[in-house]
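Raw run_35.txt, compact mmCIF, C-alpha atoms:
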```
# COMPACT_ATOMS: atom_id res chain seq x y z
CA MET A 52 172.78 117.99 82.10
CA GLY A 53 171.30 120.49 84.48
CA ARG A 54 170.29 124.03 83.69
CA ARG A 55 171.67 126.94 85.66
CA SER A 56 168.42 128.88 85.30
CA THR A 57 166.42 126.03 86.83
CA PHE A 58 168.98 125.70 89.62
CA VAL A 59 168.51 129.37 90.51
CA ALA A 60 164.74 129.38 90.03
CA GLN A 61 164.30 126.45 92.40
CA MET A 62 166.38 128.12 95.10
CA VAL A 63 164.36 131.33 94.70
CA GLU A 64 161.17 129.29 95.10
CA PHE A 65 162.50 127.79 98.34
CA CYS A 66 163.25 131.32 99.57
CA VAL A 67 160.05 133.14 98.66
CA ASN A 68 157.59 130.33 99.36
CA ASN A 69 156.90 130.24 103.11
CA TRP A 70 155.76 126.64 102.79
CA TYR A 71 159.47 125.80 103.21
CA GLY A 72 161.11 126.34 106.58
CA TYR A 73 164.39 125.59 108.29
CA SER A 74 165.10 122.34 110.11
CA GLN A 75 168.10 120.06 110.34
CA ALA A 76 165.87 117.29 111.71
CA ASP A 77 163.48 117.24 108.71
CA ARG A 78 165.60 118.34 105.76
CA TRP A 79 164.67 116.31 102.68
CA GLU A 80 160.89 116.60 102.31
CA ARG A 81 159.44 120.02 103.08
CA ASP A 82 161.78 121.88 105.40
CA GLY A 83 165.54 121.79 105.06
CA ASP A 84 168.85 123.36 105.99
CA CYS A 85 171.47 125.26 104.03
CA SER A 86 173.03 122.21 102.40
CA SER A 87 169.86 120.21 101.69
CA PHE A 88 168.26 123.14 99.85
CA ILE A 89 171.38 123.37 97.64
CA TYR A 90 171.19 119.66 96.87
CA ARG A 91 167.44 119.83 96.22
CA ALA A 92 167.87 122.76 93.83
CA GLY A 93 170.52 120.67 92.08
CA TYR A 94 168.13 117.74 91.74
CA ALA A 95 165.48 120.03 90.23
CA ALA A 96 168.03 121.27 87.70
CA GLY A 97 169.03 117.74 86.70
CA TYR A 98 172.59 117.71 88.00
CA ASP A 99 174.02 114.26 88.65
CA LEU A 100 174.18 114.39 92.45
CA PRO A 101 173.77 111.64 95.06
CA ARG A 102 170.18 111.29 96.25
CA SER A 103 170.93 109.18 99.30
CA GLY A 104 173.68 108.65 101.83
CA THR A 105 175.64 111.36 103.64
CA ARG A 106 174.98 114.82 102.19
CA TYR A 107 175.89 118.01 104.05
CA THR A 108 178.21 121.02 103.68
CA GLY A 109 181.22 118.73 104.04
CA THR A 110 180.26 116.67 100.99
CA ILE A 111 179.14 119.48 98.67
CA LEU A 112 182.62 120.20 97.30
CA ASP A 113 183.26 116.66 96.07
CA HIS A 114 179.69 115.91 94.99
CA PHE A 115 179.20 119.10 92.97
CA ARG A 116 182.66 118.95 91.43
CA ALA A 117 181.89 115.41 90.27
CA ALA A 118 178.63 116.77 88.76
CA GLY A 119 180.65 119.17 86.57
CA PHE A 120 180.84 122.30 88.71
CA THR A 121 184.04 124.36 88.46
CA VAL A 122 185.67 124.96 91.84
CA GLN A 123 187.70 128.07 92.70
CA PRO A 124 189.02 129.32 96.05
CA PHE A 125 187.01 132.27 97.35
CA ASP A 126 188.84 135.48 96.42
CA GLY A 127 187.22 137.69 99.06
CA ASN A 128 184.75 139.39 96.71
CA VAL A 129 181.09 138.40 97.08
CA TRP A 130 179.95 141.05 94.58
CA ASP A 131 181.34 139.46 91.41
CA LEU A 132 179.43 136.17 91.71
CA ASP A 133 176.95 135.16 89.03
CA PRO A 134 173.48 133.68 89.62
CA GLY A 135 173.88 129.96 90.24
CA ASP A 136 177.32 130.23 91.85
CA VAL A 137 177.47 128.35 95.15
CA ILE A 138 179.60 129.83 97.93
CA LEU A 139 180.75 127.35 100.52
CA ASN A 140 182.29 127.11 103.95
CA VAL A 141 183.06 123.40 104.05
CA GLY A 142 182.67 123.14 107.79
CA SER A 143 179.37 124.87 108.39
CA HIS A 144 177.49 126.88 105.76
CA VAL A 145 176.57 127.35 102.10
CA GLU A 146 174.56 129.88 100.07
CA MET A 147 173.69 130.37 96.39
CA CYS A 148 174.02 133.61 94.47
CA VAL A 149 170.51 134.12 93.08
CA GLU A 150 171.18 137.54 91.54
CA PRO A 151 174.17 139.88 91.61
CA GLY A 152 174.75 140.93 95.21
CA LYS A 153 172.08 138.59 96.61
CA PHE A 154 172.34 135.20 98.31
CA GLY A 155 169.57 132.67 98.80
CA GLY A 156 169.52 129.79 101.24
CA GLY A 157 168.48 128.22 104.51
CA HIS A 158 169.42 130.15 107.65
CA ILE A 159 167.77 129.39 111.01
CA ASP A 160 164.36 128.52 112.45
CA GLU A 161 161.93 130.91 114.14
CA HIS A 162 163.50 130.29 117.54
CA GLY A 163 167.06 130.86 116.38
CA ARG A 164 167.71 127.12 116.53
CA ILE A 165 168.59 124.44 113.99
CA MET A 166 165.61 122.20 114.82
CA GLY A 167 162.43 122.07 116.84
CA GLY A 168 160.42 124.79 115.10
CA GLN A 169 157.09 124.59 113.30
CA PRO A 170 156.97 123.37 109.69
CA GLY A 171 157.27 126.16 107.13
CA ASP A 172 158.81 129.59 107.38
CA GLN A 173 157.33 131.34 110.42
CA THR A 174 159.39 134.52 110.10
CA GLY A 175 160.02 134.98 106.38
CA ASN A 176 163.74 134.65 107.07
CA GLU A 177 164.18 130.95 107.81
CA VAL A 178 164.81 130.32 104.11
CA SER A 179 165.31 133.63 102.37
CA ILE A 180 167.12 135.94 99.98
CA CYS A 181 169.55 138.35 101.60
CA THR A 182 172.29 140.79 100.68
CA ALA A 183 175.56 139.04 99.83
CA TYR A 184 177.90 138.86 102.80
CA VAL A 185 181.16 137.35 103.99
CA TYR A 186 180.40 134.53 106.41
CA GLU A 187 181.68 135.00 109.97
CA ASP A 188 183.93 131.95 109.63
CA GLY A 189 184.87 132.89 106.07
CA TRP A 190 184.04 131.32 102.71
CA ASP A 191 186.31 128.60 101.32
CA TRP A 192 185.14 127.87 97.78
CA VAL A 193 183.00 129.15 94.90
CA LEU A 194 181.36 126.43 92.81
CA THR A 195 180.18 127.44 89.34
CA PRO A 196 177.64 125.36 87.40
CA PRO A 197 178.74 123.80 84.11
CA ASP A 198 177.91 125.62 80.89
CA ASP A 199 175.00 123.51 79.70
CA GLY A 200 174.60 125.33 76.38
CA GLU A 201 170.82 125.04 76.57
CA GLU A 202 168.05 127.57 76.55
CA PRO A 203 166.23 127.89 79.87
CA ALA A 204 163.38 125.43 80.20
CA PRO A 205 160.02 127.13 79.68
CA GLU A 206 157.89 127.55 82.77
CA PRO A 207 154.80 125.36 82.98
CA ALA A 208 151.82 127.06 81.36
CA GLY A 209 148.71 127.75 83.36
CA VAL A 210 147.01 129.86 85.99
CA ARG A 211 149.05 130.61 89.10
CA TYR A 212 147.22 130.16 92.38
CA ARG A 213 147.77 129.29 96.03
CA CYS A 214 145.46 127.73 98.60
CA LYS A 215 145.47 127.90 102.37
CA SER A 216 144.55 124.66 104.11
CA GLY A 217 143.47 125.35 107.66
CA ASP A 218 146.23 127.64 108.94
CA GLU A 219 148.85 126.67 106.36
CA TRP A 220 149.54 128.09 102.90
CA ASN A 221 150.48 125.47 100.31
CA ALA A 222 153.02 125.76 97.52
CA GLU A 223 152.03 127.73 94.43
CA MET A 224 150.22 125.83 91.70
CA ILE A 225 150.59 126.54 87.97
CA GLY A 226 147.55 124.87 86.46
CA GLU A 227 148.01 121.24 87.45
CA HIS A 228 151.72 121.64 88.30
CA ASP A 229 152.71 121.82 91.97
CA THR A 230 155.80 124.02 92.31
CA GLY A 231 156.44 122.46 95.72
CA GLY A 232 157.55 119.25 94.03
CA SER A 233 154.63 116.92 94.73
CA ASN A 234 152.74 115.08 92.00
CA ASP A 235 149.41 116.56 93.08
CA THR A 236 147.35 118.16 90.32
CA PHE A 237 145.43 120.36 92.73
CA GLY A 238 146.07 123.10 95.26
CA GLY A 239 145.19 122.36 98.85
CA GLN A 240 145.24 119.30 101.07
CA LEU A 241 142.63 116.56 100.88
CA GLY A 242 140.89 116.18 104.19
CA VAL A 243 141.73 119.72 105.35
CA ASP A 244 139.31 122.65 104.94
CA MET A 245 140.47 125.27 102.43
CA THR A 246 140.20 128.72 104.03
CA TYR A 247 141.75 131.14 101.51
CA LEU A 248 142.49 131.21 97.78
CA ALA A 249 144.76 133.58 95.84
CA VAL A 250 144.70 133.62 92.02
CA LYS A 251 147.05 135.60 89.79
CA GLY A 252 145.65 137.58 86.86
CA HIS A 253 141.99 136.62 87.41
CA ARG A 254 139.27 137.87 89.72
CA VAL A 255 138.25 135.32 92.32
CA ARG A 256 135.46 135.12 94.87
CA VAL A 257 134.37 132.47 97.35
CA MET A 258 131.42 131.57 99.51
CA THR A 259 132.36 130.42 103.00
CA LYS A 260 130.64 128.91 106.02
CA ASN A 261 130.64 132.34 107.63
CA SER A 262 129.33 134.20 104.55
CA PHE A 263 126.72 131.61 103.46
CA PRO A 264 124.43 132.12 101.60
CA ASP A 265 126.26 135.19 100.26
CA TRP A 266 129.43 135.44 98.21
CA LEU A 267 132.36 137.41 99.57
CA PRO A 268 133.55 140.34 97.39
CA TRP A 269 135.58 139.74 94.25
CA ILE A 270 139.37 139.88 94.77
CA ASP A 271 141.63 141.01 91.92
CA LYS A 272 144.98 140.98 93.72
CA TYR A 273 147.47 138.14 94.22
CA ASN A 274 149.07 138.57 97.61
CA TYR A 275 148.63 135.65 99.98
CA THR A 276 150.36 137.58 102.80
CA ASP A 277 147.41 140.02 102.81
CA GLU A 278 144.43 137.92 103.84
CA GLU A 279 142.10 140.93 103.89
CA PHE A 280 142.59 142.31 100.36
CA GLY A 281 145.12 140.06 98.57
CA CYS A 282 143.21 136.78 98.49
CA ALA A 283 139.67 135.43 98.76
CA GLY A 284 138.34 134.08 102.04
CA ASP A 285 137.51 135.01 105.62
CA GLY A 286 139.26 132.28 107.57
CA SER A 287 136.30 129.90 107.64
CA ALA A 288 135.90 126.86 105.39
CA ILE A 289 135.26 127.60 101.70
CA LEU A 290 132.09 126.15 100.16
CA LEU A 291 132.11 127.52 96.58
CA VAL A 292 134.71 129.08 94.27
CA GLN A 293 134.40 131.27 91.17
CA VAL A 294 137.36 132.46 89.07
CA GLU A 295 136.64 134.74 86.11
CA GLY A 296 137.79 133.34 82.78
CA CYS A 297 138.83 129.98 84.26
CA THR A 298 137.52 126.48 84.78
CA VAL A 299 137.50 125.50 88.44
CA MET A 300 137.38 121.90 89.63
CA THR A 301 136.72 121.56 93.36
CA HIS A 302 137.77 118.53 95.41
CA ARG A 303 135.80 117.49 98.48
CA THR A 304 136.41 114.56 100.82
CA LYS A 305 133.46 115.37 103.09
CA GLU A 306 130.53 115.74 100.71
CA TRP A 307 128.10 115.84 103.63
CA ASP A 308 129.32 119.28 104.78
CA GLY A 309 130.01 120.77 101.35
CA VAL A 310 133.45 122.06 102.28
CA VAL A 311 136.14 122.44 99.60
CA ASP A 312 139.48 120.78 100.40
CA ALA A 313 141.33 121.58 97.19
CA VAL A 314 140.93 123.09 93.72
CA THR A 315 142.35 122.74 90.22
CA ILE A 316 142.16 125.95 88.18
CA LYS A 317 142.68 126.02 84.40
```
Can you turn what I pasted into structure tokens?
Amino acid sequence: MGRRSTFVAQMVEFCVNNWYGYSQADRWERDGDCSSFIYRAGYAAGYDLPRSGTRYTGTILDHFRAAGFTVQPFDGNVWDLDPGDVILNVGSHVEMCVEPGKFGGGHIDEHGRIMGGQPGDQTGNEVSICTAYVYEDGWDWVLTPPDDGEEPAPEPAGVRYRCKSGDEWNAEMIGEHDTGGSNDTFGGQLGVDMTYLAVKGHRVRVMTKNSFPDWLPWIDKYNYTDEEFGCAGDGSAILLVQVEGCTVMTHRTKEWDGVVDAVTIK
């Protein structure tokens, strides 16, 4: 049976990780829309939901009720929802309560459209956490996860880090665990130059093509949105990586130019 805490944590990850963007054309791999992110959070939590066939806002009510969710008509109050509650307009929209007074979900792409944008969240609001609100067409139902009676699953142990491949930040890694859902044991993309690295709780420095033969300064912050002071790199390809107190394994697909594509940090 699924865990409510995992259900919420996965939705929060979709919202705060700009690797995920909004698209109704590409909704089951990286990007998604309001309904697919709800389903995908449900899969991560282990709820017994269909993984193929028709899945959209119009099927959520029946699919989630069959998976054990309790269904109640919306009473007009968005402020008394608990984390994990799903609030649904059957015809057009769905959100999840991720904390009291806050919703998380997929909203719209960077052009204000439902498809055609760039992969990932270009604005920080394509998939995001927002203040709870009453939808313009109204909410129909509140779906509450079953009481699983289990303690929350422990988070994977390991160093948290994120890599930028070319112009794109990848999902956060925890040791060899990819929080983006892939089976990769490394951060980065093979065949694509790594240009920045952010590591939580450990100082990190890199040598790049632009800085060679010198190291760039040590970075002790973990803020991938601040590429000047919050992560290591200068926008050019990374050649060498050092992380204090950690073992770093670099992955290179082009040994002849010495560029790092990906790293595993333990």
Have a look at A:Gly83, A:Gly109, A:Gly239, A:Pro170 and name the one nearest to Asp191 in chain A; count only C-alpha atoms.
->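 Closest to Asp191 in chain A of all the choices is A:Gly109.
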Hey, which of A:Glu146, A:Asp198, A:Glu223, A:Asp113 ends up closest to Ile180 in chain A? Count all atoms listed in the file.
->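 Of A:Glu146, A:Asp198, A:Glu223, A:Asp113, the one nearest Ile180 in chain A, counting all atoms listed in the file, is A:Glu146.
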Could you please give me, as a list in words, the residues of protein, DNA or RNA lying at most 8 Å from (175.0, 119.1, 102.1) in the coordinate frame of the file, considering only C-alpha atoms?
->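 Checked against the point, the hits come out as Cys85, Ser86, Ser87, Ile89, Tyr90, Thr105, Arg106, Tyr107, Thr108, Gly109, Thr110 and Ile111 of chain A.
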Choose the residue, out of A:Glu295, A:Tyr273, A:His158, A:Ile289, that has the smallest atom-to-atom separation from Gly175 in chain A; count all atoms listed in the file.
-> A:His158
Could you pull the residues within 7 Å of Lys251 in chain A, counting all atoms listed in the file, minus those fewer than 5 positions along the same chain, as a PyMOL selection string?
-> chain A and resi 210-212+272-273
Those residues you just picked out, can you put them in a file as a short mmCIF file (atom, residue, chain, number, x, y, z; two decimals), in the coordinates of the input with C-alpha atoms?
```
data_model
loop_
_atom_site.label_atom_id
_atom_site.label_comp_id
_atom_site.auth_asym_id
_atom_site.auth_seq_id
_atom_site.Cartn_x
_atom_site.Cartn_y
_atom_site.Cartn_z
CA VAL A 210 147.01 129.86 85.99
CA ARG A 211 149.05 130.61 89.10
CA TYR A 212 147.22 130.16 92.38
CA LYS A 272 144.98 140.98 93.72
CA TYR A 273 147.47 138.14 94.22
#
```
Excluding range 218-222 of chain A and any residue of its chain fewer than 5 positions from it, enumerate the residues within 12 Å of it, using only C-alpha atoms, and give them as a PyMOL selection string.
-> chain A and resi 64-71+81+169-173+211-213+228-233+235-241+243-249+274-276+278+282+285-288+312-314
Using all atoms listed in the file, which residue out of A:Lys317, A:Lys215, A:Lys305, A:Arg102 lies closest to Ala283 in chain A?
->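 The closest residue to Ala283 in chain A is A:Lys215.
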Separation of CA of Gln123 in chain A and CA of Met147 in chain A, in Å?
->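 It comes out at 14.7 Å.
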Given the choices A:Gly104, A:Gly155, A:Gly142, A:Gly163, which gets closest to Cys181 in chain A if the distance is worked out from all atoms listed in the file?
->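 Ranked by minimum distance to Cys181 in chain A, first place goes to A:Gly155.
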Distance of CA of Thr315 in chain A from CA of Gly242 in chain A, expressed in Å to one decimal place = 15.5 Å
May I ask for the distance between CA of Asp199 in chain A and CA of Ser56 in chain A, given in Å to one decimal place?
->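 CA of Asp199 in chain A sits 10.2 Å away from CA of Ser56 in chain A.
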A:Gly209, A:Pro124, A:Gly72, A:Pro151: which is nearest Val178 in chain A, counting only C-alpha atoms?
-> A:Gly72
Within 7 Å of Ala95 in chain A, counting all atoms listed in the file, which residues qualify if same-chain residues fewer than 5 places away don't, as a ChimeraX atom specification?
-> /A:57-58,61
Would you list the residues near (175.4, 141.3, 94.2), meaning any protein, DNA or RNA residue with an atom at most 9 Å from that point in file coordinates, counting only C-alpha atoms, as a list of chain:residue names?
->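 The distance filter leaves exactly A:Val129, A:Trp130, A:Asp131, A:Leu132, A:Asp133, A:Cys148, A:Val149, A:Glu150, A:Pro151, A:Gly152, A:Lys153, A:Phe154, A:Thr182, A:Ala183.
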List the neighbours of Asp160 in chain A out to 6 Å using only C-alpha atoms; skip same-chain residues closer than 2 positions along the sequence, and give me the result as a compact mmCIF listing (two decimals) with C-alpha atoms, in the frame of the given file.
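Saved result, around.txt, follows:
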```
# COMPACT_ATOMS: atom_id res chain seq x y z
CA TYR A 73 164.39 125.59 108.29
CA HIS A 162 163.50 130.29 117.54
CA GLY A 163 167.06 130.86 116.38
CA ARG A 164 167.71 127.12 116.53
CA GLU A 177 164.18 130.95 107.81
```
Please identify all polymer residues within 9 Å of Gly119 in chain A, counting all atoms listed in the file, omitting same-chain residues fewer than 3 positions from it, and present them as a list in words.
-> Tyr98, Asp99, Phe115, Arg116, Thr195, Pro196 and Pro197 of chain A
Selection to disk with C-alpha atoms, as a PDB file, in the frame of the given file:
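Everything below was put into result05.pdb:
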```
ATOM      1  CA  TYR A  98     172.590 117.710  88.000  1.00  0.00           C
ATOM      2  CA  ASP A  99     174.020 114.260  88.650  1.00  0.00           C
ATOM      3  CA  PHE A 115     179.200 119.100  92.970  1.00  0.00           C
ATOM      4  CA  ARG A 116     182.660 118.950  91.430  1.00  0.00           C
ATOM      5  CA  THR A 195     180.180 127.440  89.340  1.00  0.00           C
ATOM      6  CA  PRO A 196     177.640 125.360  87.400  1.00  0.00           C
ATOM      7  CA  PRO A 197     178.740 123.800  84.110  1.00  0.00           C
TER       8      PRO A 197
END
```
Any chance you could build range 238-252 of chain A out to N, CA and C atoms and write it as a PDB file, in the frame of the given file?
```
ATOM      1  N   GLY A 238     145.583 122.317  94.143  1.00  0.00           N
ATOM      2  CA  GLY A 238     146.070 123.100  95.260  1.00  0.00           C
ATOM      3  C   GLY A 238     145.238 122.834  96.488  1.00  0.00           C
ATOM      4  N   GLY A 239     145.887 122.678  97.626  1.00  0.00           N
ATOM      5  CA  GLY A 239     145.190 122.360  98.850  1.00  0.00           C
ATOM      6  C   GLY A 239     145.616 121.020  99.392  1.00  0.00           C
ATOM      7  N   GLN A 240     144.936 120.580 100.442  1.00  0.00           N
ATOM      8  CA  GLN A 240     145.240 119.300 101.070  1.00  0.00           C
ATOM      9  C   GLN A 240     143.935 118.534 101.292  1.00  0.00           C
ATOM     10  N   LEU A 241     143.841 117.352 100.707  1.00  0.00           N
ATOM     11  CA  LEU A 241     142.630 116.560 100.880  1.00  0.00           C
ATOM     12  C   LEU A 241     142.426 116.231 102.349  1.00  0.00           C
ATOM     13  N   GLY A 242     141.207 116.443 102.805  1.00  0.00           N
ATOM     14  CA  GLY A 242     140.890 116.180 104.190  1.00  0.00           C
ATOM     15  C   GLY A 242     141.057 117.379 105.106  1.00  0.00           C
ATOM     16  N   VAL A 243     141.533 118.508 104.554  1.00  0.00           N
ATOM     17  CA  VAL A 243     141.730 119.720 105.350  1.00  0.00           C
ATOM     18  C   VAL A 243     140.929 120.853 104.696  1.00  0.00           C
ATOM     19  N   ASP A 244     140.136 121.576 105.485  1.00  0.00           N
ATOM     20  CA  ASP A 244     139.310 122.650 104.940  1.00  0.00           C
ATOM     21  C   ASP A 244     140.165 123.730 104.285  1.00  0.00           C
ATOM     22  N   MET A 245     139.813 124.137 103.073  1.00  0.00           N
ATOM     23  CA  MET A 245     140.470 125.270 102.430  1.00  0.00           C
ATOM     24  C   MET A 245     139.848 126.558 102.957  1.00  0.00           C
ATOM     25  N   THR A 246     140.698 127.503 103.380  1.00  0.00           N
ATOM     26  CA  THR A 246     140.200 128.720 104.030  1.00  0.00           C
ATOM     27  C   THR A 246     140.467 129.997 103.246  1.00  0.00           C
ATOM     28  N   TYR A 247     141.464 129.979 102.356  1.00  0.00           N
ATOM     29  CA  TYR A 247     141.750 131.140 101.510  1.00  0.00           C
ATOM     30  C   TYR A 247     142.237 130.652 100.145  1.00  0.00           C
ATOM     31  N   LEU A 248     142.036 131.509  99.131  1.00  0.00           N
ATOM     32  CA  LEU A 248     142.490 131.210  97.780  1.00  0.00           C
ATOM     33  C   LEU A 248     142.977 132.492  97.123  1.00  0.00           C
ATOM     34  N   ALA A 249     144.194 132.451  96.585  1.00  0.00           N
ATOM     35  CA  ALA A 249     144.760 133.580  95.840  1.00  0.00           C
ATOM     36  C   ALA A 249     144.985 133.136  94.402  1.00  0.00           C
ATOM     37  N   VAL A 250     144.569 133.953  93.439  1.00  0.00           N
ATOM     38  CA  VAL A 250     144.700 133.620  92.020  1.00  0.00           C
ATOM     39  C   VAL A 250     145.333 134.802  91.308  1.00  0.00           C
ATOM     40  N   LYS A 251     146.341 134.540  90.495  1.00  0.00           N
ATOM     41  CA  LYS A 251     147.050 135.600  89.790  1.00  0.00           C
ATOM     42  C   LYS A 251     146.423 135.880  88.436  1.00  0.00           C
ATOM     43  N   GLY A 252     146.121 137.164  88.183  1.00  0.00           N
ATOM     44  CA  GLY A 252     145.650 137.580  86.860  1.00  0.00           C
ATOM     45  C   GLY A 252     144.180 137.350  86.601  1.00  0.00           C
TER      46      GLY A 252
END
```
